[in-house]
There are 4 protein chains.
Amino acid sequence: MLKEIRAPVVIINFKTYVEGTGKNAIKLAEDAERTSIETGVCFAVAPQYVDIPLIASKVDVPVFAQHIDPITPGSYTGHVLPEAVKEAGAIGTLINHSERRLKLADIDAAVARARQVGLMSLVCTNNTPVSVSAAALKPDMIAVEPPELIGTGISVSKAKPEVVTGTVDSVRKVNKEVIILCGAGITDGEDVAAALKLGTEGVLVASGIVKAKDPYKVMLEFAQAILRTK
Amino acid sequence: MLKEIRAPVVIINFKTYVEGTGKNAIKLAEDAERTSIETGVCFAVAPQYVDIPLIASKVDVPVFAQHIDPITPGSYTGHVLPEAVKEAGAIGTLINHSERRLKLADIDAAVARARQVGLMSLVCTNNTPVSVSAAALKPDMIAVEPPELIGTGISVSKAKPEVVTGTVDSVRKVNKEVIILCGAGITDGEDVAAALKLGTEGVLVASGIVKAKDPYKVMLEFAQAILRTK
Amino acid sequence: MLKEIRAPVVIINFKTYVEGTGKNAIKLAEDAERTSIETGVCFAVAPQYVDIPLIASKVDVPVFAQHIDPITPGSYTGHVLPEAVKEAGAIGTLINHSERRLKLADIDAAVARARQVGLMSLVCTNNTPVSVSAAALKPDMIAVEPPELIGTGISVSKAKPEVVTGTVDSVRKVNKEVIILCGAGITDGEDVAAALKLGTEGVLVASGIVKAKDPYKVMLEFAQAILRTK
Amino acid sequence: MLKEIRAPVVIINFKTYVEGTGKNAIKLAEDAERTSIETGVCFAVAPQYVDIPLIASKVDVPVFAQHIDPITPGSYTGHVLPEAVKEAGAIGTLINHSERRLKLADIDAAVARARQVGLMSLVCTNNTPVSVSAAALKPDMIAVEPPELIGTGISVSKAKPEVVTGTVDSVRKVNKEVIILCGAGITDGEDVAAALKLGTEGVLVASGIVKAKDPYKVMLEFAQAILRTK
């Protein structure tokens, strides 16, 4: 039951941080599970490919891949097959993260493939026009993240609120269903609360949690901010 | 002990074939383990990223990744971190497969990163000059595979023996240590025997085994051809 | 005056065909100019980069680049600077052709850069959802081209009319101004007439004209079809 | 006659600098021609694609493209056809510049295509192993440029002499004929003299000349350093 996405949601991208690799990845996922159980707020995790199966089998938390390739089974050595990610236990996938940008036609195809194999699709975008463009492809979720703020600790919800509200307004004109998140620089409860007040249904976060001294404590703070704001 | 590479070797690339994904991947790896035990010939497997951990922990067979990115831990969402692949249990990695070609500077960096984290590096190449070029970067192994023969069932060792002997001769002038394999179209014991007679120390094979009706039977045939030829 | 785009329009992509390179490119551009003068129908040409300056200075025809990079002046060796293309005499540029696909964020940036330097932007797309997605970025023109028909001689307007009408309908819901073309397999006047009847304002064509025995004759046929259909 | 490369040589990469675009590119090429005539030292220029034809027809200086694609004539919209670059008047091309890195197999193919159409090939590299690797492909020239020094004004020949001498020594073991240049941070005559003393036959330079207040004056200084060092 904890494996489903219920908005508002916090999605934690482990990137290729040491703190989010192997045994550390499992510990982080367990922290997310614990926070979910204690607060009722939905936390999902996006570990590296090789860490998906163990987390998915051992921890009661929704697992996203960080990327899938828009391929069907076949001769694609070194690529990420949506079916394989699904069988490994993921329930969704990031697509087009700023560190793994895709061609437009490939985003379209990846969203379609995710849908076919039963993975939720979360397309990352960098500004308002690109968010509208991505929303036209009918993914389940989008996350707008100004690349210049990623990893800075300066949160999009406080430094560029107009990007968030502009995205929410413009996307809603063409797509009523898509879940809209924001990301970049999210580090504390205030950033999360600000994101929700601007009209999003959650945040995509990486270093703010993964590289925190006490990730569980930050998750708890995020959850409490969400509970206060709802 | 079975986890080490001992030439002559057969490396099985599972690509993103259905027959090489998830449960099927484990079954194939077990077939490889069984053939190794029964014949003493070294078989290694290169499954998809998400299938590495389970195979590495359950099956006594050397596991290769199909690709690594030339990165260090950090902000590389969707990329393949060498450290993560190693911690998941792989002992080596393919680099620059024809379906996942890399920039020259990135091959150099990937070989260096593999060495740093203790992964064997196997660089794939498409012809003799590129093989010499790759050998200059001092990987542990190279595999020459004319792309036009990959997946055809027409084996490089029989259709283009001059590519194999030319590569062995030219590479040996600049690099005495590198293990030289060949691949593309390898489907039966004769192809394997021919490859060894041309001076290689093994083969890189994909559909010839993975998509065979009875993969174990083909592995056994490969092993017997190797034992006859040594 | 002939250098402006007036819909309905025929845009001829010279690709990297021998028949559209160097002296041949100038001859083709002169044929387009002559057809424009004789019929009043607007023909534009998209030659290779190195052929832009001579065509733009010698021939009275609107010239498009085949691609621009989303860059500003700086350290981008080997890239295509929008300002340089403009100074060379182009009035517009293709973006995201199926043979030169771009990342979504780069299409957005390339359209913006084209606007800044005064180049018309024509974004190529492969299906209806991607056309809507591209139209959200507010380019001047889009051209929907099912990749599986490009170069086949089987025209999109006759083989896949639903892709064309679906694109026109869906794009008009989010963008009233963008000029909509179609392409792929356009070879005779009937294909062009069909394209206009389906709601487009012209065609993007390559081999149908460039590789024709008598390109001028085919251009004339296209022009007459347009005049009959208007 | 001035259109031939005679070592020692200075090759000026105009990148996509404003100061090296359009009319400015012609002025720079004329400065190079003038310096060549006055000093007898060979200067070549690498302008943007669209600036090749006018420079090649008006100025008596060897012209290089900044990049070619490893393609034959055909359906490659937006790519750079070697034949087109040649017909436009270039006599050579950079390949694999650090700002336009290529896959290993594509470097091999681009060098081969350059040879076929009669263009000199100059492959850029980033360190000693990659230089040896590139030299194995038998280009006419290589230029080693540590990327971390490009554009800094700190010259490779003074800051990293061991990279230059290491490259010269290692490359000579596998390839006696290739002309070896170095680049990155070259800004004055001393840097050029140091490069020659380390065993190179010239330099690849960009901002040091293109963005200089008086490019002609810097070219003259380079020429005099070469004449003193020979």
# chains A, B, ... in the order shown; residues from 1 in each chain; ligands from 1
call {"tool": "select_by_dssp", "arguments": {"residues": "range 23-76 of chain D", "states": "alpha helix (DSSP H)", "output": "mmCIF file with N, CA, C and O atoms, in the first residue's frame"}}
result
data_model
loop_
_atom_site.group_PDB
_atom_site.id
_atom_site.type_symbol
_atom_site.label_atom_id
_atom_site.label_comp_id
_atom_site.auth_asym_id
_atom_site.auth_seq_id
_atom_site.Cartn_x
_atom_site.Cartn_y
_atom_site.Cartn_z
ATOM 1 N N LYS D 23 32.166 39.139 -41.361
ATOM 2 C CA LYS D 23 33.173 40.121 -41.808
ATOM 3 C C LYS D 23 34.425 40.056 -40.946
ATOM 4 O O LYS D 23 35.541 40.211 -41.449
ATOM 5 N N ASN D 24 34.227 39.838 -39.651
ATOM 6 C CA ASN D 24 35.388 39.732 -38.758
ATOM 7 C C ASN D 24 36.261 38.530 -39.125
ATOM 8 O O ASN D 24 37.484 38.587 -38.980
ATOM 9 N N ALA D 25 35.635 37.468 -39.594
ATOM 10 C CA ALA D 25 36.388 36.268 -39.976
ATOM 11 C C ALA D 25 37.266 36.566 -41.190
ATOM 12 O O ALA D 25 38.419 36.115 -41.263
ATOM 13 N N ILE D 26 36.727 37.312 -42.127
ATOM 14 C CA ILE D 26 37.518 37.648 -43.329
ATOM 15 C C ILE D 26 38.708 38.527 -42.955
ATOM 16 O O ILE D 26 39.833 38.306 -43.397
ATOM 17 N N LYS D 27 38.459 39.502 -42.098
ATOM 18 C CA LYS D 27 39.543 40.386 -41.646
ATOM 19 C C LYS D 27 40.652 39.575 -40.961
ATOM 20 O O LYS D 27 41.847 39.761 -41.248
ATOM 21 N N LEU D 28 40.273 38.647 -40.103
ATOM 22 C CA LEU D 28 41.259 37.804 -39.414
ATOM 23 C C LEU D 28 42.056 36.953 -40.401
ATOM 24 O O LEU D 28 43.272 36.788 -40.271
ATOM 25 N N ALA D 29 41.350 36.400 -41.384
ATOM 26 C CA ALA D 29 42.023 35.564 -42.386
ATOM 27 C C ALA D 29 43.008 36.414 -43.193
ATOM 28 O O ALA D 29 44.104 35.953 -43.545
ATOM 29 N N GLU D 30 42.622 37.652 -43.472
ATOM 30 C CA GLU D 30 43.538 38.547 -44.197
ATOM 31 C C GLU D 30 44.773 38.868 -43.362
ATOM 32 O O GLU D 30 45.883 38.960 -43.887
ATOM 33 N N ASP D 31 44.579 39.016 -42.068
ATOM 34 C CA ASP D 31 45.733 39.226 -41.181
ATOM 35 C C ASP D 31 46.667 38.014 -41.232
ATOM 36 O O ASP D 31 47.892 38.163 -41.228
ATOM 37 N N ALA D 32 46.072 36.822 -41.263
ATOM 38 C CA ALA D 32 46.888 35.600 -41.319
ATOM 39 C C ALA D 32 47.653 35.533 -42.638
ATOM 40 O O ALA D 32 48.851 35.190 -42.667
ATOM 41 N N GLU D 33 46.974 35.868 -43.718
ATOM 42 C CA GLU D 33 47.625 35.877 -45.039
ATOM 43 C C GLU D 33 48.808 36.862 -45.047
ATOM 44 O O GLU D 33 49.920 36.528 -45.475
ATOM 45 N N ARG D 34 48.545 38.052 -44.537
ATOM 46 C CA ARG D 34 49.579 39.098 -44.496
ATOM 47 C C ARG D 34 50.784 38.643 -43.675
ATOM 48 O O ARG D 34 51.944 38.796 -44.100
ATOM 49 N N THR D 35 50.525 38.032 -42.529
ATOM 50 C CA THR D 35 51.632 37.559 -41.695
ATOM 51 C C THR D 35 52.423 36.458 -42.409
ATOM 52 O O THR D 35 53.664 36.440 -42.349
ATOM 53 N N SER D 36 51.706 35.573 -43.075
ATOM 54 C CA SER D 36 52.379 34.505 -43.831
ATOM 55 C C SER D 36 53.290 35.101 -44.896
ATOM 56 O O SER D 36 54.446 34.685 -45.055
ATOM 57 N N ILE D 37 52.765 36.064 -45.647
ATOM 58 C CA ILE D 37 53.546 36.671 -46.735
ATOM 59 C C ILE D 37 54.770 37.396 -46.181
ATOM 60 O O ILE D 37 55.882 37.255 -46.684
ATOM 61 N N GLU D 38 54.575 38.133 -45.104
ATOM 62 C CA GLU D 38 55.656 38.950 -44.562
ATOM 63 C C GLU D 38 56.749 38.132 -43.883
ATOM 64 O O GLU D 38 57.905 38.532 -43.861
ATOM 65 N N THR D 39 56.367 36.990 -43.283
ATOM 66 C CA THR D 39 57.349 36.246 -42.479
ATOM 67 C C THR D 39 57.732 34.888 -43.078
ATOM 68 O O THR D 39 58.711 34.287 -42.653
ATOM 69 N N ILE D 52 33.530 29.640 -44.626
ATOM 70 C CA ILE D 52 34.583 28.980 -45.406
ATOM 71 C C ILE D 52 34.636 29.482 -46.856
ATOM 72 O O ILE D 52 35.702 29.859 -47.339
ATOM 73 N N PRO D 53 33.516 29.520 -47.581
ATOM 74 C CA PRO D 53 33.619 29.798 -49.024
ATOM 75 C C PRO D 53 34.211 31.173 -49.345
ATOM 76 O O PRO D 53 35.074 31.288 -50.221
ATOM 77 N N LEU D 54 33.790 32.199 -48.624
ATOM 78 C CA LEU D 54 34.267 33.538 -48.947
ATOM 79 C C LEU D 54 35.755 33.672 -48.614
ATOM 80 O O LEU D 54 36.541 34.218 -49.394
ATOM 81 N N ILE D 55 36.152 33.127 -47.450
ATOM 82 C CA ILE D 55 37.569 33.184 -47.079
ATOM 83 C C ILE D 55 38.401 32.398 -48.095
ATOM 84 O O ILE D 55 39.433 32.867 -48.578
ATOM 85 N N ALA D 56 37.922 31.202 -48.458
ATOM 86 C CA ALA D 56 38.706 30.352 -49.363
ATOM 87 C C ALA D 56 38.843 30.996 -50.742
ATOM 88 O O ALA D 56 39.863 30.813 -51.415
ATOM 89 N N SER D 57 37.843 31.768 -51.158
ATOM 90 C CA SER D 57 37.920 32.348 -52.507
ATOM 91 C C SER D 57 38.646 33.689 -52.518
ATOM 92 O O SER D 57 39.238 34.072 -53.512
ATOM 93 N N LYS D 58 38.637 34.399 -51.408
ATOM 94 C CA LYS D 58 39.187 35.759 -51.400
ATOM 95 C C LYS D 58 40.560 35.872 -50.772
ATOM 96 O O LYS D 58 41.275 36.839 -51.012
#
call {"tool": "residues_around", "arguments": {"residues": "range 90-96 of chain C", "least_positions_apart": "6", "cutoff": "8 Å", "atoms": "only C-alpha atoms", "output": "PyMOL selection string"}}
result
chain C and resi 3-4+46+52-53+56+62-68+102+107+110-111+114+118-125
call {"tool": "interface_residues", "arguments": {"of": "chain D", "to": "chain C", "cutoff": "8 Å", "atoms": "only C-alpha atoms", "output": "PyMOL selection string"}}
result
chain D and resi 13-18+21-22+48-53+65-67+73-81+84-85+87-88+97+99-100
call {"tool": "closest_residue", "arguments": {"among": "D:Phe222, D:Asn126, D:Glu162, D:Ala109", "to": "Glu148 in chain D", "atoms": "only C-alpha atoms"}}
result
D:Asn126
call {"tool": "select_by_dssp", "arguments": {"residues": "range 47-227 of chain C", "states": "strand (DSSP E)", "output": "mmCIF file with all heavy atoms, in the first residue's frame"}}
result
data_model
loop_
_atom_site.group_PDB
_atom_site.id
_atom_site.type_symbol
_atom_site.label_atom_id
_atom_site.label_comp_id
_atom_site.auth_asym_id
_atom_site.auth_seq_id
_atom_site.Cartn_x
_atom_site.Cartn_y
_atom_site.Cartn_z
ATOM 1 N N PHE C 64 16.993 28.858 -45.780
ATOM 2 C CA PHE C 64 16.957 28.330 -44.419
ATOM 3 C C PHE C 64 18.233 27.530 -44.165
ATOM 4 O O PHE C 64 18.731 26.841 -45.067
ATOM 5 C CB PHE C 64 15.764 27.372 -44.230
ATOM 6 C CG PHE C 64 14.461 28.070 -43.961
ATOM 7 C CD1 PHE C 64 13.905 28.940 -44.888
ATOM 8 C CD2 PHE C 64 13.775 27.853 -42.768
ATOM 9 C CE1 PHE C 64 12.692 29.586 -44.643
ATOM 10 C CE2 PHE C 64 12.565 28.491 -42.510
ATOM 11 C CZ PHE C 64 12.022 29.367 -43.442
ATOM 12 N N ALA C 65 18.748 27.597 -42.934
ATOM 13 C CA ALA C 65 19.763 26.627 -42.504
ATOM 14 C C ALA C 65 19.056 25.307 -42.215
ATOM 15 O O ALA C 65 17.850 25.281 -42.006
ATOM 16 C CB ALA C 65 20.474 27.129 -41.258
ATOM 17 N N GLY C 92 15.899 31.940 -42.124
ATOM 18 C CA GLY C 92 15.237 31.000 -41.220
ATOM 19 C C GLY C 92 16.072 29.759 -41.027
ATOM 20 O O GLY C 92 17.176 29.650 -41.576
ATOM 21 N N THR C 93 15.535 28.822 -40.241
ATOM 22 C CA THR C 93 16.275 27.590 -39.995
ATOM 23 C C THR C 93 15.329 26.446 -39.658
ATOM 24 O O THR C 93 14.307 26.653 -39.014
ATOM 25 C CB THR C 93 17.276 27.755 -38.828
ATOM 26 O OG1 THR C 93 18.056 26.541 -38.710
ATOM 27 C CG2 THR C 93 16.585 28.015 -37.499
ATOM 28 N N LEU C 94 15.656 25.255 -40.145
ATOM 29 C CA LEU C 94 15.031 24.047 -39.635
ATOM 30 C C LEU C 94 15.585 23.797 -38.234
ATOM 31 O O LEU C 94 16.732 24.145 -37.935
ATOM 32 C CB LEU C 94 15.353 22.827 -40.507
ATOM 33 C CG LEU C 94 15.109 22.877 -42.011
ATOM 34 C CD1 LEU C 94 15.296 21.469 -42.611
ATOM 35 C CD2 LEU C 94 13.738 23.408 -42.344
ATOM 36 N N ILE C 95 14.776 23.169 -37.397
ATOM 37 C CA ILE C 95 15.211 22.765 -36.066
ATOM 38 C C ILE C 95 14.614 21.388 -35.815
ATOM 39 O O ILE C 95 13.438 21.163 -36.097
ATOM 40 C CB ILE C 95 14.705 23.773 -34.990
ATOM 41 C CG1 ILE C 95 15.418 25.125 -35.137
ATOM 42 C CG2 ILE C 95 14.891 23.230 -33.570
ATOM 43 C CD1 ILE C 95 14.848 26.236 -34.255
ATOM 44 N N MET C 120 13.518 32.912 -38.878
ATOM 45 C CA MET C 120 12.289 32.149 -38.703
ATOM 46 C C MET C 120 12.658 30.747 -38.219
ATOM 47 O O MET C 120 13.665 30.181 -38.661
ATOM 48 C CB MET C 120 11.542 32.000 -40.032
ATOM 49 C CG MET C 120 10.878 33.269 -40.487
ATOM 50 S SD MET C 120 9.793 32.927 -41.931
ATOM 51 C CE MET C 120 8.357 32.224 -41.125
ATOM 52 N N SER C 121 11.835 30.168 -37.361
ATOM 53 C CA SER C 121 12.112 28.814 -36.874
ATOM 54 C C SER C 121 11.060 27.854 -37.405
ATOM 55 O O SER C 121 9.869 28.126 -37.345
ATOM 56 C CB SER C 121 12.114 28.796 -35.342
ATOM 57 O OG SER C 121 10.917 29.356 -34.843
ATOM 58 N N LEU C 122 11.539 26.752 -37.940
ATOM 59 C CA LEU C 122 10.659 25.688 -38.440
ATOM 60 C C LEU C 122 11.031 24.402 -37.712
ATOM 61 O O LEU C 122 12.083 23.809 -37.994
ATOM 62 C CB LEU C 122 10.852 25.522 -39.954
ATOM 63 C CG LEU C 122 10.320 24.241 -40.609
ATOM 64 C CD1 LEU C 122 8.914 23.896 -40.169
ATOM 65 C CD2 LEU C 122 10.370 24.371 -42.117
ATOM 66 N N VAL C 123 10.197 23.985 -36.743
ATOM 67 C CA VAL C 123 10.510 22.798 -35.952
ATOM 68 C C VAL C 123 9.864 21.566 -36.588
ATOM 69 O O VAL C 123 8.658 21.544 -36.837
ATOM 70 C CB VAL C 123 10.016 22.962 -34.498
ATOM 71 C CG1 VAL C 123 10.278 21.689 -33.692
ATOM 72 C CG2 VAL C 123 10.702 24.151 -33.839
ATOM 73 N N CYS C 124 10.676 20.567 -36.844
ATOM 74 C CA CYS C 124 10.168 19.316 -37.415
ATOM 75 C C CYS C 124 9.725 18.381 -36.293
ATOM 76 O O CYS C 124 10.338 18.337 -35.219
ATOM 77 C CB CYS C 124 11.233 18.629 -38.259
ATOM 78 S SG CYS C 124 11.770 19.647 -39.640
ATOM 79 N N THR C 125 8.666 17.609 -36.564
ATOM 80 C CA THR C 125 8.087 16.726 -35.554
ATOM 81 C C THR C 125 7.739 15.394 -36.207
ATOM 82 O O THR C 125 7.706 15.295 -37.434
ATOM 83 C CB THR C 125 6.811 17.351 -34.964
ATOM 84 O OG1 THR C 125 5.858 17.510 -36.031
ATOM 85 C CG2 THR C 125 7.091 18.686 -34.325
ATOM 86 N N MET C 141 6.966 28.051 -37.470
ATOM 87 C CA MET C 141 6.382 27.008 -38.295
ATOM 88 C C MET C 141 6.693 25.646 -37.660
ATOM 89 O O MET C 141 7.698 25.497 -36.966
ATOM 90 C CB MET C 141 7.019 27.028 -39.694
ATOM 91 C CG MET C 141 7.068 28.413 -40.328
ATOM 92 S SD MET C 141 8.147 28.482 -41.818
ATOM 93 C CE MET C 141 7.013 27.937 -43.062
ATOM 94 N N ILE C 142 5.821 24.684 -37.941
ATOM 95 C CA ILE C 142 6.181 23.293 -37.647
ATOM 96 C C ILE C 142 5.933 22.470 -38.916
ATOM 97 O O ILE C 142 5.148 22.860 -39.780
ATOM 98 C CB ILE C 142 5.401 22.681 -36.465
ATOM 99 C CG1 ILE C 142 3.915 22.575 -36.781
ATOM 100 C CG2 ILE C 142 5.620 23.454 -35.174
ATOM 101 C CD1 ILE C 142 3.172 21.699 -35.777
ATOM 102 N N ALA C 143 6.623 21.354 -39.020
ATOM 103 C CA ALA C 143 6.405 20.434 -40.141
ATOM 104 C C ALA C 143 6.345 19.028 -39.572
ATOM 105 O O ALA C 143 7.328 18.542 -39.007
ATOM 106 C CB ALA C 143 7.531 20.539 -41.169
ATOM 107 N N VAL C 144 5.191 18.388 -39.694
ATOM 108 C CA VAL C 144 5.060 17.025 -39.177
ATOM 109 C C VAL C 144 5.470 16.048 -40.283
ATOM 110 O O VAL C 144 4.986 16.121 -41.411
ATOM 111 C CB VAL C 144 3.628 16.750 -38.654
ATOM 112 C CG1 VAL C 144 2.581 16.877 -39.736
ATOM 113 C CG2 VAL C 144 3.543 15.386 -37.980
ATOM 114 N N ILE C 179 2.516 28.339 -38.473
ATOM 115 C CA ILE C 179 2.280 27.804 -39.813
ATOM 116 C C ILE C 179 2.543 26.301 -39.775
ATOM 117 O O ILE C 179 3.612 25.881 -39.318
ATOM 118 C CB ILE C 179 3.219 28.495 -40.840
ATOM 119 C CG1 ILE C 179 2.860 29.981 -40.953
ATOM 120 C CG2 ILE C 179 3.136 27.807 -42.203
ATOM 121 C CD1 ILE C 179 3.827 30.787 -41.821
ATOM 122 N N ILE C 180 1.584 25.516 -40.233
ATOM 123 C CA ILE C 180 1.735 24.056 -40.161
ATOM 124 C C ILE C 180 2.001 23.475 -41.551
ATOM 125 O O ILE C 180 1.201 23.666 -42.474
ATOM 126 C CB ILE C 180 0.475 23.396 -39.559
ATOM 127 C CG1 ILE C 180 0.163 23.995 -38.181
ATOM 128 C CG2 ILE C 180 0.667 21.881 -39.444
ATOM 129 C CD1 ILE C 180 -1.172 23.539 -37.591
ATOM 130 N N LEU C 181 3.122 22.797 -41.690
ATOM 131 C CA LEU C 181 3.450 22.097 -42.937
ATOM 132 C C LEU C 181 3.424 20.595 -42.668
ATOM 133 O O LEU C 181 3.381 20.156 -41.523
ATOM 134 C CB LEU C 181 4.863 22.477 -43.422
ATOM 135 C CG LEU C 181 5.248 23.945 -43.493
ATOM 136 C CD1 LEU C 181 6.679 24.073 -44.019
ATOM 137 C CD2 LEU C 181 4.287 24.714 -44.379
ATOM 138 N N CYS C 182 3.473 19.824 -43.746
ATOM 139 C CA CYS C 182 3.742 18.403 -43.549
ATOM 140 C C CYS C 182 4.825 17.985 -44.534
ATOM 141 O O CYS C 182 5.150 18.701 -45.488
ATOM 142 C CB CYS C 182 2.484 17.546 -43.687
ATOM 143 S SG CYS C 182 1.793 17.475 -45.338
ATOM 144 N N GLY C 183 5.394 16.829 -44.289
ATOM 145 C CA GLY C 183 6.464 16.337 -45.148
ATOM 146 C C GLY C 183 6.543 14.836 -45.088
ATOM 147 O O GLY C 183 5.771 14.201 -44.381
ATOM 148 N N GLY C 202 1.437 24.161 -46.581
ATOM 149 C CA GLY C 202 2.568 23.895 -47.453
ATOM 150 C C GLY C 202 3.262 22.600 -47.116
ATOM 151 O O GLY C 202 2.778 21.819 -46.285
ATOM 152 N N VAL C 203 4.397 22.376 -47.760
ATOM 153 C CA VAL C 203 5.112 21.114 -47.576
ATOM 154 C C VAL C 203 6.607 21.337 -47.401
ATOM 155 O O VAL C 203 7.172 22.338 -47.862
ATOM 156 C CB VAL C 203 4.911 20.155 -48.786
ATOM 157 C CG1 VAL C 203 3.450 19.724 -48.894
ATOM 158 C CG2 VAL C 203 5.391 20.780 -50.084
ATOM 159 N N LEU C 204 7.225 20.384 -46.714
ATOM 160 C CA LEU C 204 8.682 20.289 -46.619
ATOM 161 C C LEU C 204 9.061 19.088 -47.465
ATOM 162 O O LEU C 204 8.547 17.988 -47.248
ATOM 163 C CB LEU C 204 9.095 20.082 -45.160
ATOM 164 C CG LEU C 204 10.583 19.937 -44.866
ATOM 165 C CD1 LEU C 204 11.374 21.153 -45.328
ATOM 166 C CD2 LEU C 204 10.812 19.733 -43.353
ATOM 167 N N VAL C 205 9.925 19.287 -48.444
ATOM 168 C CA VAL C 205 10.226 18.234 -49.406
ATOM 169 C C VAL C 205 11.735 18.133 -49.598
ATOM 170 O O VAL C 205 12.442 19.131 -49.479
ATOM 171 C CB VAL C 205 9.502 18.532 -50.749
ATOM 172 C CG1 VAL C 205 9.932 19.882 -51.292
ATOM 173 C CG2 VAL C 205 9.723 17.440 -51.770
#
call {"tool": "residues_around", "arguments": {"residues": "Lys158 in chain B", "least_positions_apart": "2", "cutoff": "9 Å", "atoms": "only C-alpha atoms", "output": "CSV table (one decimal) with C-alpha atoms, in the first residue's frame"}}
result
chain,number,residue,atom,x,y,z
B,154,ILE,CA,27.3,-15.1,-39.9
B,155,SER,CA,30.4,-15.4,-37.7
B,156,VAL,CA,33.2,-13.0,-37.9
B,160,LYS,CA,36.0,-12.0,-42.0
B,161,PRO,CA,39.0,-14.0,-40.6
B,190,GLU,CA,33.0,-24.3,-35.1
B,191,ASP,CA,32.8,-20.5,-34.9
B,194,ALA,CA,37.8,-20.8,-35.7
B,195,ALA,CA,38.1,-17.7,-33.4
call {"tool": "atom_distance", "arguments": {"atom1": "CA of Gln116 in chain A", "atom2": "CA of Asp69 in chain B"}}
result
28.0 Å
